[in-house]
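Engineer: Just one file: data.csv, with CSV, C-alpha atoms (C1' of nucleotides).
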chain,number,residue,atom,x,y,z
A,9,MET,CA,0.0,0.0,0.0
A,10,LEU,CA,1.7,3.1,-1.3
A,11,SER,CA,0.8,6.8,-1.3
A,12,ILE,CA,1.4,8.6,-4.6
A,13,GLY,CA,4.5,10.1,-3.1
A,14,LYS,CA,6.0,6.8,-2.2
A,15,LEU,CA,5.1,5.3,-5.6
A,16,SER,CA,6.8,8.3,-7.2
A,17,GLY,CA,9.9,7.7,-5.1
A,18,LEU,CA,10.0,4.1,-6.0
A,19,THR,CA,9.5,4.5,-9.7
A,20,GLY,CA,11.2,7.8,-10.4
A,21,VAL,CA,8.0,9.1,-12.0
A,22,LYS,CA,6.9,12.5,-10.7
A,23,VAL,CA,3.7,12.8,-8.7
A,24,PRO,CA,1.9,15.0,-11.3
A,25,THR,CA,3.0,12.7,-14.0
A,26,ILE,CA,1.4,9.8,-12.3
A,27,ARG,CA,-1.8,11.7,-12.0
A,28,TYR,CA,-1.5,12.6,-15.6
A,29,TYR,CA,-1.1,9.0,-16.7
A,30,GLU,CA,-4.2,8.2,-14.7
A,31,GLN,CA,-6.1,11.0,-16.4
A,32,ILE,CA,-5.3,9.8,-19.9
A,33,GLY,CA,-6.2,6.2,-18.9
A,34,LEU,CA,-2.7,4.8,-19.0
A,35,LEU,CA,-2.9,3.9,-15.3
A,36,PRO,CA,-6.1,2.5,-13.9
A,37,LYS,CA,-7.9,4.6,-11.2
A,38,PRO,CA,-6.5,3.5,-7.9
A,39,GLU,CA,-8.3,3.0,-4.6
A,40,ARG,CA,-8.7,5.9,-2.3
A,41,ASN,CA,-8.4,6.1,1.5
A,42,GLU,CA,-11.1,7.7,3.6
A,43,GLY,CA,-9.5,11.1,3.0
A,44,GLY,CA,-9.7,10.7,-0.7
A,45,GLN,CA,-6.0,10.2,-1.3
A,46,ARG,CA,-4.8,7.6,-3.8
A,47,ILE,CA,-3.4,4.3,-2.6
A,48,TYR,CA,-1.4,2.0,-4.8
A,49,ASP,CA,-0.3,-1.6,-4.7
A,50,ASN,CA,2.5,-3.5,-6.4
A,51,THR,CA,0.5,-4.1,-9.6
A,52,SER,CA,0.4,-0.3,-10.2
A,53,ARG,CA,4.1,-0.1,-9.4
A,54,GLU,CA,4.9,-2.7,-12.0
A,55,ARG,CA,2.7,-1.1,-14.6
A,56,LEU,CA,4.3,2.3,-13.9
A,57,ASN,CA,7.8,0.8,-14.1
A,58,PHE,CA,6.9,-0.6,-17.5
A,59,ILE,CA,5.6,2.8,-18.6
A,60,ARG,CA,8.7,4.5,-17.4
A,61,HIS,CA,11.0,2.1,-19.1
A,62,ALA,CA,9.2,2.3,-22.3
A,63,ARG,CA,9.3,6.1,-22.2
A,64,GLU,CA,13.0,6.0,-21.6
A,65,LEU,CA,13.3,3.9,-24.7
A,66,GLY,CA,11.4,6.6,-26.5
A,67,PHE,CA,8.1,4.9,-27.1
A,68,PRO,CA,5.2,7.4,-27.4
A,69,LEU,CA,2.4,7.1,-24.9
A,70,ASP,CA,0.0,5.8,-27.5
A,71,ASP,CA,2.4,2.9,-28.3
A,72,ILE,CA,2.8,2.3,-24.6
A,73,ARG,CA,-0.9,2.1,-24.2
A,74,GLU,CA,-1.0,-0.6,-27.0
A,75,LEU,CA,1.9,-2.5,-25.5
A,76,LEU,CA,0.1,-2.6,-22.2
A,77,ALA,CA,-3.1,-3.8,-23.8
A,78,LEU,CA,-1.2,-6.5,-25.7
A,79,SER,CA,0.7,-7.6,-22.7
A,80,ASP,CA,-2.5,-8.3,-20.9
A,81,ASP,CA,-3.3,-11.2,-23.2
A,82,PRO,CA,-0.4,-13.6,-22.5
A,83,ASP,CA,-1.4,-16.4,-24.9
A,84,GLN,CA,-1.5,-14.2,-28.0
A,85,SER,CA,1.4,-14.1,-30.5
A,86,CYS,CA,3.8,-11.3,-29.7
A,87,GLU,CA,4.0,-10.3,-33.3
A,88,ALA,CA,2.2,-7.0,-32.8
A,89,ILE,CA,4.5,-6.2,-29.9
A,90,ASP,CA,7.5,-6.9,-32.1
A,91,ALA,CA,6.1,-4.7,-34.8
A,92,LEU,CA,5.8,-1.8,-32.4
A,93,ALA,CA,9.3,-2.3,-31.1
A,94,LYS,CA,10.7,-2.5,-34.6
A,95,ARG,CA,8.9,0.7,-35.6
A,96,GLN,CA,10.5,2.4,-32.6
A,97,LEU,CA,13.9,1.1,-33.6
A,98,ALA,CA,13.4,2.4,-37.1
A,99,GLU,CA,12.4,5.7,-35.7
A,100,VAL,CA,15.5,5.9,-33.5
A,101,GLU,CA,17.7,4.9,-36.5
A,102,HIS,CA,16.1,7.6,-38.6
A,103,ARG,CA,16.8,10.2,-36.0
A,104,LEU,CA,20.3,9.0,-35.5
A,105,VAL,CA,21.1,9.5,-39.1
A,106,ARG,CA,19.7,13.0,-39.0
A,107,LEU,CA,21.4,13.9,-35.8
A,108,ASN,CA,24.7,12.7,-37.0
A,109,ALA,CA,24.3,14.9,-40.1
A,110,LEU,CA,23.5,17.9,-37.9
A,111,HIS,CA,26.4,17.2,-35.7
A,112,LYS,CA,28.8,17.1,-38.5
A,113,GLU,CA,27.6,20.3,-39.9
A,114,LEU,CA,27.5,22.2,-36.6
A,115,GLU,CA,31.0,21.1,-35.9
A,116,ARG,CA,32.3,22.2,-39.3
A,117,MET,CA,30.6,25.5,-39.0
A,118,ILE,CA,32.0,26.2,-35.5
A,119,ALA,CA,35.5,25.0,-36.5
A,120,GLN,CA,35.5,27.4,-39.4
A,121,CYS,CA,34.7,30.5,-37.3
A,122,THR,CA,37.6,32.7,-36.8
A,123,CYS,CA,35.8,34.5,-34.0
A,124,GLY,CA,36.1,38.0,-35.3
A,125,THR,CA,33.1,40.3,-35.9
A,126,VAL,CA,29.6,39.4,-36.8
A,127,GLN,CA,30.3,40.7,-40.3
A,128,THR,CA,32.7,37.9,-41.0
A,129,CYS,CA,31.1,35.3,-38.8
A,130,ARG,CA,31.1,31.9,-40.4
A,131,VAL,CA,28.2,30.7,-38.4
A,132,ILE,CA,26.0,33.5,-39.7
A,133,GLN,CA,27.2,33.0,-43.2
A,134,VAL,CA,26.5,29.3,-43.2
A,135,LEU,CA,23.1,29.7,-41.6
A,136,GLY,CA,22.2,32.2,-44.3
A,137,ASP,CA,23.3,30.1,-47.2
A,138,HIS,CA,22.8,26.4,-47.2
A,139,GLY,CA,25.2,26.2,-50.2
A,140,LEU,CA,28.0,26.5,-47.8
A,141,CYS,CA,27.1,23.3,-46.1
A,142,GLU,CA,28.2,19.9,-47.1
A,143,ALA,CA,24.5,19.5,-47.8
A,144,ASP,CA,23.9,16.2,-46.2
A,145,HIS,CA,21.8,17.5,-43.4
A,146,ARG,CA,19.0,18.4,-45.8
A,147,THR,CA,17.8,14.9,-46.2
A,148,MET,CA,14.7,15.5,-44.3
A,149,THR,CA,11.3,17.0,-44.9
A,150,SER,CA,9.6,19.5,-42.8
A,151,HIS,CA,7.7,16.5,-41.5
A,152,ASP,CA,11.0,15.3,-40.0
A,153,ILE,CA,11.5,18.5,-38.2
A,154,GLU,CA,8.2,18.1,-36.5
A,155,ARG,CA,8.7,14.5,-35.8
A,156,GLU,CA,11.8,15.3,-33.8
A,157,CYS,CA,9.6,15.4,-30.8
A,158,LEU,CA,8.8,11.8,-31.0
A,159,THR,CA,11.8,10.4,-29.3
B,6,MET,CA,7.8,41.1,-55.0
B,7,LEU,CA,6.5,37.8,-53.9
B,8,SER,CA,3.2,36.5,-52.6
B,9,ILE,CA,3.3,34.3,-49.5
B,10,GLY,CA,2.7,31.2,-51.7
B,11,LYS,CA,5.7,32.1,-53.9
B,12,LEU,CA,7.9,32.7,-50.9
B,13,SER,CA,6.8,29.4,-49.5
B,14,GLY,CA,7.7,27.7,-52.7
B,15,LEU,CA,11.1,29.3,-52.9
B,16,THR,CA,12.1,28.7,-49.3
B,17,GLY,CA,10.4,25.4,-48.6
B,18,VAL,CA,8.6,26.9,-45.6
B,19,LYS,CA,4.9,26.2,-45.5
B,20,VAL,CA,2.5,29.1,-45.8
B,21,PRO,CA,0.9,28.8,-42.4
B,22,THR,CA,4.4,28.5,-40.9
B,23,ILE,CA,5.4,31.8,-42.5
B,24,ARG,CA,2.4,33.4,-41.0
B,25,TYR,CA,3.2,31.9,-37.7
B,26,TYR,CA,6.8,33.2,-37.8
B,27,GLU,CA,5.3,36.7,-38.4
B,28,GLN,CA,2.9,36.3,-35.6
B,29,ILE,CA,5.6,35.5,-33.1
B,30,GLY,CA,7.8,38.3,-34.4
B,31,LEU,CA,10.5,36.2,-36.0
B,32,LEU,CA,9.7,37.8,-39.4
B,33,PRO,CA,8.8,41.5,-39.7
B,34,LYS,CA,5.3,42.4,-40.8
B,35,PRO,CA,5.4,42.6,-44.6
B,36,GLU,CA,3.7,45.1,-46.9
B,37,ARG,CA,0.2,44.4,-48.1
B,38,ASN,CA,-1.3,45.0,-51.5
B,39,GLU,CA,-4.7,46.8,-51.9
B,40,GLY,CA,-6.5,43.6,-51.2
B,41,GLY,CA,-4.7,43.1,-47.9
B,42,GLN,CA,-2.5,40.2,-49.0
B,43,ARG,CA,1.1,40.0,-47.9
B,44,ILE,CA,3.9,40.9,-50.3
B,45,TYR,CA,7.5,40.0,-49.7
B,46,ASP,CA,10.9,41.1,-51.1
B,47,ASN,CA,14.3,39.4,-51.2
B,48,THR,CA,15.2,40.6,-47.7
B,49,SER,CA,12.3,38.6,-46.3
B,50,ARG,CA,13.4,35.7,-48.4
B,51,GLU,CA,16.9,35.7,-47.0
B,52,ARG,CA,15.7,36.0,-43.5
B,53,LEU,CA,13.3,33.1,-44.0
B,54,ASN,CA,16.1,31.0,-45.5
B,55,PHE,CA,18.2,31.8,-42.5
B,56,ILE,CA,15.4,30.7,-40.2
B,57,ARG,CA,14.8,27.5,-42.1
B,58,HIS,CA,18.4,26.5,-42.2
B,59,ALA,CA,18.8,27.2,-38.5
B,60,ARG,CA,15.7,25.1,-37.8
B,61,GLU,CA,17.1,22.3,-39.8
B,62,LEU,CA,20.2,22.4,-37.7
B,63,GLY,CA,17.9,22.1,-34.7
B,64,PHE,CA,18.1,25.6,-33.2
B,65,PRO,CA,15.1,26.5,-31.2
B,66,LEU,CA,13.1,29.5,-32.4
B,67,ASP,CA,14.2,31.6,-29.4
B,68,ASP,CA,17.8,31.0,-30.3
B,69,ILE,CA,17.1,31.9,-33.9
B,70,ARG,CA,15.5,35.1,-32.7
B,71,GLU,CA,18.7,35.9,-30.9
B,72,LEU,CA,20.9,34.9,-33.8
B,73,LEU,CA,18.9,37.2,-36.1
B,74,ALA,CA,19.2,40.1,-33.6
B,75,LEU,CA,22.9,39.5,-33.3
B,76,SER,CA,23.5,39.3,-37.0
B,77,ASP,CA,21.9,42.7,-37.4
B,78,ASP,CA,24.9,44.4,-35.8
B,79,PRO,CA,27.8,43.5,-38.1
B,80,ASP,CA,30.6,45.2,-36.1
B,81,GLN,CA,30.0,43.4,-32.9
B,82,SER,CA,32.1,40.4,-31.8
B,83,CYS,CA,30.6,37.1,-32.9
B,84,GLU,CA,31.3,35.6,-29.5
B,85,ALA,CA,27.6,35.4,-28.5
B,86,ILE,CA,26.8,33.7,-31.8
B,87,ASP,CA,29.5,31.2,-31.3
B,88,ALA,CA,28.2,30.5,-27.8
B,89,LEU,CA,24.8,29.8,-29.2
B,90,ALA,CA,26.2,27.5,-31.8
B,91,LYS,CA,28.3,25.7,-29.3
B,92,ARG,CA,25.4,25.2,-27.0
B,93,GLN,CA,23.4,23.7,-29.9
B,94,LEU,CA,26.3,21.4,-30.7
B,95,ALA,CA,26.5,20.3,-27.1
B,96,GLU,CA,22.8,19.6,-27.1
B,97,VAL,CA,23.1,17.5,-30.3
B,98,GLU,CA,25.9,15.6,-28.8
B,99,HIS,CA,24.0,14.9,-25.7
B,100,ARG,CA,21.1,13.6,-27.7
B,101,LEU,CA,23.4,11.5,-29.8
B,102,VAL,CA,24.8,9.7,-26.8
B,103,ARG,CA,21.3,9.0,-25.5
B,104,LEU,CA,19.9,7.9,-28.9
B,105,ASN,CA,22.8,5.6,-29.3
B,106,ALA,CA,22.1,4.0,-26.0
B,107,LEU,CA,18.4,3.6,-26.9
B,108,HIS,CA,19.3,2.1,-30.2
B,109,LYS,CA,21.6,-0.5,-28.7
B,110,GLU,CA,19.0,-1.5,-26.1
B,111,LEU,CA,16.2,-1.7,-28.6
B,112,GLU,CA,18.2,-3.8,-31.0
B,113,ARG,CA,19.3,-6.1,-28.2
B,114,MET,CA,15.7,-6.5,-27.0
B,115,ILE,CA,14.4,-7.2,-30.5
B,116,ALA,CA,17.1,-9.7,-31.3
B,117,GLN,CA,16.4,-11.7,-28.2
B,118,CYS,CA,12.7,-12.1,-29.0
B,119,THR,CA,11.9,-15.6,-30.1
B,120,CYS,CA,8.6,-14.4,-31.5
B,121,GLY,CA,6.4,-16.8,-29.6
B,122,THR,CA,3.6,-15.7,-27.3
B,123,VAL,CA,3.2,-12.6,-25.3
B,124,GLN,CA,3.8,-14.7,-22.2
B,125,THR,CA,7.4,-15.3,-23.2
B,126,CYS,CA,7.9,-12.1,-25.1
B,127,ARG,CA,11.3,-10.7,-24.4
B,128,VAL,CA,10.2,-7.2,-25.4
B,129,ILE,CA,7.6,-7.2,-22.7
B,130,GLN,CA,9.9,-8.7,-20.2
B,131,VAL,CA,12.6,-6.1,-20.7
B,132,LEU,CA,10.2,-3.2,-20.7
B,133,GLY,CA,8.9,-4.4,-17.4
B,134,ASP,CA,12.3,-4.9,-15.8
B,135,HIS,CA,15.1,-2.5,-16.4
B,136,GLY,CA,17.5,-5.0,-14.7
B,137,LEU,CA,17.4,-6.9,-18.0
B,138,CYS,CA,18.9,-4.0,-19.8
B,139,GLU,CA,22.6,-3.3,-20.1
B,140,ALA,CA,21.6,-0.3,-18.1
B,141,ASP,CA,23.4,2.3,-20.0
B,142,HIS,CA,20.3,4.0,-21.4
B,143,ARG,CA,19.3,5.2,-18.0
B,144,THR,CA,21.8,7.9,-17.9
B,145,MET,CA,19.2,10.6,-18.2
B,146,THR,CA,16.8,12.4,-15.9
B,147,SER,CA,13.2,12.9,-16.5
B,148,HIS,CA,14.3,16.4,-17.6
B,149,ASP,CA,16.2,14.7,-20.5
B,150,ILE,CA,13.0,13.0,-21.6
B,151,GLU,CA,11.2,16.2,-21.8
B,152,ARG,CA,14.1,17.9,-23.4
B,153,GLU,CA,14.1,15.5,-26.3
B,154,CYS,CA,11.8,17.9,-28.1
B,155,LEU,CA,14.5,20.5,-28.4
B,156,THR,CA,16.2,19.1,-31.5
C,9,DT,C1',-17.3,41.4,-68.4
C,10,DC,C1',-18.2,37.4,-66.0
C,11,DT,C1',-17.1,33.4,-63.8
C,12,DT,C1',-14.6,29.9,-61.5
C,13,DG,C1',-11.1,28.0,-58.9
C,14,DA,C1',-6.8,28.7,-56.7
C,15,DA,C1',-4.8,31.3,-53.4
C,16,DC,C1',-5.3,34.3,-49.8
C,17,DC,C1',-7.2,36.3,-45.2
C,18,DT,C1',-8.2,35.8,-39.8
C,19,DC,C1',-9.3,33.1,-36.0
C,20,DT,C1',-9.7,29.2,-32.9
C,21,DA,C1',-8.4,24.8,-31.4
C,22,DG,C1',-5.6,20.7,-31.5
C,23,DT,C1',-1.0,18.1,-31.2
C,24,DT,C1',2.8,15.6,-27.3
C,25,DA,C1',3.9,14.8,-22.8
C,26,DC,C1',4.1,16.9,-19.4
C,27,DT,C1',5.0,21.1,-15.7
C,28,DA,C1',3.6,25.0,-12.8
C,29,DG,C1',0.6,27.2,-9.9
C,30,DA,C1',-3.7,28.4,-7.3
C,31,DG,C1',-6.4,27.4,-3.6
C,32,DG,C1',-7.7,24.2,-0.4
C,33,DA,C1',-8.0,19.4,2.3
C,34,DT,C1',-5.6,15.7,4.8
C,35,DG,C1',-1.9,13.1,7.2
C,36,DT,C1',1.7,12.9,10.6
C,37,DA,C1',5.2,13.9,14.0
C,38,DA,C1',6.4,16.8,18.1
D,21,DT,C1',-2.7,21.1,19.0
D,22,DT,C1',0.1,22.9,15.9
D,23,DA,C1',2.9,23.0,12.1
D,24,DC,C1',4.2,21.3,8.0
D,25,DA,C1',4.6,18.0,4.5
D,26,DT,C1',1.9,15.8,1.4
D,27,DC,C1',-2.2,15.3,-0.9
D,28,DC,C1',-6.5,16.9,-3.8
D,29,DT,C1',-8.6,19.3,-8.2
D,30,DC,C1',-8.5,22.5,-11.7
D,31,DT,C1',-6.7,25.6,-15.1
D,32,DA,C1',-3.2,27.2,-18.0
D,33,DG,C1',1.3,27.1,-20.1
D,34,DT,C1',5.3,24.9,-22.8
D,35,DA,C1',7.5,24.2,-28.5
D,36,DA,C1',6.6,24.6,-33.0
D,37,DC,C1',3.7,24.2,-35.5
D,38,DT,C1',-0.9,21.9,-38.2
D,39,DA,C1',-5.9,21.7,-39.3
D,40,DG,C1',-10.0,23.6,-40.2
D,41,DA,C1',-13.9,27.0,-40.4
D,42,DG,C1',-15.7,30.7,-42.8
D,43,DG,C1',-14.9,34.3,-45.7
D,44,DT,C1',-12.2,37.5,-49.4
D,45,DT,C1',-9.2,38.4,-53.4
D,46,DC,C1',-6.7,37.3,-57.5
D,47,DA,C1',-5.9,35.6,-62.2
D,48,DA,C1',-7.0,33.2,-66.3
D,49,DG,C1',-10.3,31.7,-69.6
D,50,DA,C1',-15.0,32.1,-72.0
Mind turning this structure into structure tokens?
Structural biologist:
Amino acid sequence: MLSIGKLSGLTGVKVPTIRYYEQIGLLPKPERNEGGQRIYDNTSRERLNFIRHARELGFPLDDIRELLALSDDPDQSCEAIDALAKRQLAEVEHRLVRLNALHKELERMIAQCTCGTVQTCRVIQVLGDHGLCEADHRTMTSHDIERECLT
Amino acid sequence: MLSIGKLSGLTGVKVPTIRYYEQIGLLPKPERNEGGQRIYDNTSRERLNFIRHARELGFPLDDIRELLALSDDPDQSCEAIDALAKRQLAEVEHRLVRLNALHKELERMIAQCTCGTVQTCRVIQVLGDHGLCEADHRTMTSHDIERECLT
DNA sequence: TCTTGAACCTCTAGTTACTAGAGGATGTAA
DNA sequence: TTACATCCTCTAGTAACTAGAGGTTCAAGA
């Protein structure tokens, strides 16, 4: 029997975040004591640990919701679970490619700066003219820029 | 003299995004024709290209705002600009480290899955128990998870 | 000149995964 | 009993846009 604060301490998930997960239906509504405060058991703790770990691996909450639902049916094939995991892997790989390109370009830009005045600043020049780049970081659409929030 | 649509086509920035940049003061308010439609010149185009390129390199809009302000004063030292670029580089590096850890762990997890039933699914097991990980992906705080949106 | 369809306008609300804060109730240790 | 920590609900804010409603203007063809 755990208060929300204890649960938070045990799982590393902040108290408001736990309430948020409950609000969006990721965690079931827990029992309450006479005063109306939430009380949790070990099942909640395990579920929250699962969520936290999946979040750490970059899974979006909607995927986690699915993973939890799928894991509730132990005799089913784990194909769907694998598919979700593979999609997440692909997403991470996509982002790695892109981040590596950014990294390279940022390093190059900074290395070339002679640190004089703004007028001759290489950083400003490069930002103003993509032609000065090695051009490999433009392998993404505007959709990619948005999607950066996903992991 | 460009309509917002032409400017969009030339820069690769979507029409609503251009209006959004104007709204938040990143782009100056352009002239209007008699009908009230926006008309742009090459200065706007350059500024928008600058913004787009900086966004592609992962700079947040607030940093871009600063970069633009700094670049308007050509005789100043470019120290502040360099500092922003270096901060961005550090951010990207931080994210790369983390993404690499995620990638490794996801791959390991997927490789170990024998693709049977949910009951024996390695993916579910690992997600439920961080002890089964090689533990190197937990090198971040909850603040890091949030911050993932920054690039 | 008229018409039609594309492109434009403003405004509000939605997205993700939370966090912050207000204003108040409850639990616990001295 | 008295602090004080912890809990409660609720609303609003974050980044960087996107989507859609409902209406106006522009440009080209008949």
Engineer: Which one is closest to chain D: B:Leu111, B:Ile23, B:Ala59, B:Leu72? Count all atoms listed in the file.
Structural biologist: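 Nearest candidate to chain D out of B:Leu111, B:Ile23, B:Ala59, B:Leu72: B:Ile23.
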Engineer: As an MDAnalysis selection string, could you give me every residue of chain D near chain A (at most 12 Å apart, counting all atoms listed in the file)?
Structural biologist: chainID D and resid 25:29 35:38
Engineer: Give chain A as a compact mmCIF listing (two decimals) with C-alpha atoms, in the coordinates of the input once it has been least-squares superposed onto chain B over every C-alpha atom, paired in order.
Structural biologist:
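What follows is the written file part.txt:
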# COMPACT_ATOMS: atom_id res chain seq x y z
CA MET A 9 7.78 41.05 -55.03
CA LEU A 10 6.50 37.70 -53.85
CA SER A 11 3.12 36.45 -52.63
CA ILE A 12 3.24 34.24 -49.53
CA GLY A 13 2.72 31.26 -51.77
CA LYS A 14 5.67 32.02 -53.94
CA LEU A 15 7.88 32.77 -50.91
CA SER A 16 6.81 29.41 -49.49
CA GLY A 17 7.75 27.70 -52.74
CA LEU A 18 11.08 29.34 -52.82
CA THR A 19 12.04 28.68 -49.25
CA GLY A 20 10.36 25.37 -48.55
CA VAL A 21 8.61 26.90 -45.54
CA LYS A 22 4.86 26.27 -45.46
CA VAL A 23 2.46 29.17 -45.87
CA PRO A 24 0.97 28.85 -42.33
CA THR A 25 4.39 28.57 -40.92
CA ILE A 26 5.38 31.81 -42.44
CA ARG A 27 2.37 33.46 -40.97
CA TYR A 28 3.23 31.90 -37.70
CA TYR A 29 6.76 33.25 -37.72
CA GLU A 30 5.30 36.66 -38.42
CA GLN A 31 2.92 36.31 -35.50
CA ILE A 32 5.64 35.49 -33.01
CA GLY A 33 7.78 38.39 -34.36
CA LEU A 34 10.43 36.27 -36.01
CA LEU A 35 9.58 37.77 -39.41
CA PRO A 36 8.81 41.44 -39.68
CA LYS A 37 5.25 42.40 -40.86
CA PRO A 38 5.40 42.62 -44.60
CA GLU A 39 3.71 45.11 -46.90
CA ARG A 40 0.26 44.42 -48.11
CA ASN A 41 -1.32 44.94 -51.54
CA GLU A 42 -4.60 46.77 -51.94
CA GLY A 43 -6.45 43.51 -51.27
CA GLY A 44 -4.71 43.03 -48.01
CA GLN A 45 -2.50 40.15 -49.09
CA ARG A 46 1.12 39.99 -47.96
CA ILE A 47 3.91 40.90 -50.36
CA TYR A 48 7.51 40.00 -49.75
CA ASP A 49 10.85 41.06 -51.12
CA ASN A 50 14.26 39.41 -51.19
CA THR A 51 15.20 40.61 -47.68
CA SER A 52 12.32 38.52 -46.23
CA ARG A 53 13.39 35.59 -48.39
CA GLU A 54 16.89 35.74 -47.02
CA ARG A 55 15.71 36.06 -43.46
CA LEU A 56 13.34 33.11 -43.94
CA ASN A 57 16.11 31.02 -45.52
CA PHE A 58 18.25 31.71 -42.48
CA ILE A 59 15.38 30.69 -40.19
CA ARG A 60 14.82 27.54 -42.11
CA HIS A 61 18.43 26.57 -42.10
CA ALA A 62 18.80 27.18 -38.49
CA ARG A 63 15.72 25.09 -37.74
CA GLU A 64 17.11 22.28 -39.79
CA LEU A 65 20.20 22.44 -37.66
CA GLY A 66 17.94 22.12 -34.67
CA PHE A 67 18.17 25.57 -33.20
CA PRO A 68 15.04 26.52 -31.18
CA LEU A 69 13.10 29.53 -32.33
CA ASP A 70 14.20 31.58 -29.36
CA ASP A 71 17.88 31.00 -30.29
CA ILE A 72 17.04 31.85 -33.86
CA ARG A 73 15.49 35.05 -32.77
CA GLU A 74 18.77 35.93 -30.87
CA LEU A 75 20.93 34.94 -33.81
CA LEU A 76 18.91 37.22 -36.03
CA ALA A 77 19.19 40.09 -33.60
CA LEU A 78 22.95 39.56 -33.31
CA SER A 79 23.43 39.30 -36.99
CA ASP A 80 21.92 42.69 -37.45
CA ASP A 81 24.87 44.36 -35.76
CA PRO A 82 27.76 43.45 -38.11
CA ASP A 83 30.58 45.21 -36.23
CA GLN A 84 30.01 43.39 -32.93
CA SER A 85 32.16 40.41 -31.87
CA CYS A 86 30.57 37.14 -32.90
CA GLU A 87 31.30 35.61 -29.57
CA ALA A 88 27.66 35.42 -28.52
CA ILE A 89 26.80 33.80 -31.83
CA ASP A 90 29.52 31.23 -31.26
CA ALA A 91 28.24 30.56 -27.80
CA LEU A 92 24.79 29.80 -29.13
CA ALA A 93 26.14 27.53 -31.81
CA LYS A 94 28.31 25.69 -29.33
CA ARG A 95 25.36 25.21 -26.97
CA GLN A 96 23.44 23.69 -29.88
CA LEU A 97 26.33 21.40 -30.67
CA ALA A 98 26.48 20.29 -27.07
CA GLU A 99 22.81 19.66 -27.14
CA VAL A 100 23.06 17.55 -30.30
CA GLU A 101 26.01 15.60 -28.77
CA HIS A 102 24.00 14.97 -25.64
CA ARG A 103 21.13 13.61 -27.62
CA LEU A 104 23.37 11.53 -29.75
CA VAL A 105 24.76 9.78 -26.78
CA ARG A 106 21.29 9.06 -25.49
CA LEU A 107 19.98 7.94 -28.80
CA ASN A 108 22.82 5.62 -29.35
CA ALA A 109 22.12 4.05 -25.94
CA LEU A 110 18.46 3.60 -26.87
CA HIS A 111 19.36 2.13 -30.15
CA LYS A 112 21.58 -0.41 -28.67
CA GLU A 113 19.05 -1.47 -26.20
CA LEU A 114 16.13 -1.65 -28.64
CA GLU A 115 18.21 -3.74 -30.93
CA ARG A 116 19.24 -6.17 -28.19
CA MET A 117 15.72 -6.49 -27.01
CA ILE A 118 14.32 -7.19 -30.51
CA ALA A 119 17.18 -9.62 -31.32
CA GLN A 120 16.40 -11.58 -28.20
CA CYS A 121 12.70 -12.10 -29.02
CA THR A 122 11.93 -15.52 -30.12
CA CYS A 123 8.58 -14.38 -31.45
CA GLY A 124 6.39 -16.80 -29.62
CA THR A 125 3.50 -15.73 -27.34
CA VAL A 126 3.12 -12.62 -25.33
CA GLN A 127 3.78 -14.69 -22.22
CA THR A 128 7.34 -15.30 -23.22
CA CYS A 129 7.89 -12.10 -25.12
CA ARG A 130 11.30 -10.65 -24.49
CA VAL A 131 10.25 -7.19 -25.36
CA ILE A 132 7.57 -7.20 -22.68
CA GLN A 133 9.90 -8.72 -20.18
CA VAL A 134 12.61 -6.17 -20.75
CA LEU A 135 10.21 -3.25 -20.70
CA GLY A 136 8.89 -4.48 -17.37
CA ASP A 137 12.23 -4.92 -15.74
CA HIS A 138 15.03 -2.53 -16.39
CA GLY A 139 17.41 -5.07 -14.75
CA LEU A 140 17.38 -6.95 -17.94
CA CYS A 141 18.91 -4.11 -19.82
CA GLU A 142 22.54 -3.41 -20.17
CA ALA A 143 21.59 -0.36 -18.14
CA ASP A 144 23.37 2.27 -20.08
CA HIS A 145 20.30 3.93 -21.41
CA ARG A 146 19.36 5.16 -17.94
CA THR A 147 21.86 7.92 -17.91
CA MET A 148 19.30 10.55 -18.20
CA THR A 149 16.90 12.37 -15.94
CA SER A 150 13.30 12.90 -16.54
CA HIS A 151 14.41 16.35 -17.61
CA ASP A 152 16.17 14.66 -20.55
CA ILE A 153 13.05 12.96 -21.61
CA GLU A 154 11.30 16.24 -21.87
CA ARG A 155 14.15 17.93 -23.52
CA GLU A 156 13.99 15.45 -26.36
CA CYS A 157 11.77 17.87 -28.10
CA LEU A 158 14.44 20.40 -28.43
CA THR A 159 16.15 19.11 -31.47
Engineer: So what do you get for CA of Leu62 in chain B versus CA of Cys141 in chain A, distance-wise?
Structural biologist: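 It comes out at 10.9 Å.
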Engineer: Counting all atoms listed in the file, figure out which residue out of C:DT27, C:DA14, C:DA37, C:DC19 gets nearest to chain A.
Structural biologist: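 Closest to chain A of all the choices is C:DT27.
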Engineer: Quote the spacing between CA of Met9 in chain A and C1' of DA25 in chain C in Å to one decimal place.
Structural biologist: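 Computed distance, CA of Met9 in chain A to C1' of DA25 in chain C, equals 27.5 Å.
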Engineer: Rounded to one decimal place, report the CA of Glu27 in chain B-C1' of DT23 in chain C distance in Å.
Structural biologist: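 Computed distance, CA of Glu27 in chain B to C1' of DT23 in chain C, equals 20.9 Å.
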Engineer: Nearest to DC17 in chain C: which of B:Lys11, B:Arg57, B:Arg24, B:Arg70 is it, counting only C-alpha atoms (C1' of nucleotides)?
Structural biologist: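 Nearest candidate to DC17 in chain C out of B:Lys11, B:Arg57, B:Arg24, B:Arg70: B:Arg24.
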Engineer: Pick out the closest residue to chain C from this set: B:Leu15, B:Ile44, B:Val97, B:Cys126. Count only C-alpha atoms (C1' of nucleotides).
Structural biologist: B:Ile44
Engineer: Would you give me, as a count of residues only, the residues of chain A that come within 6 Å of chain B, using all atoms listed in the file?
Structural biologist: 18
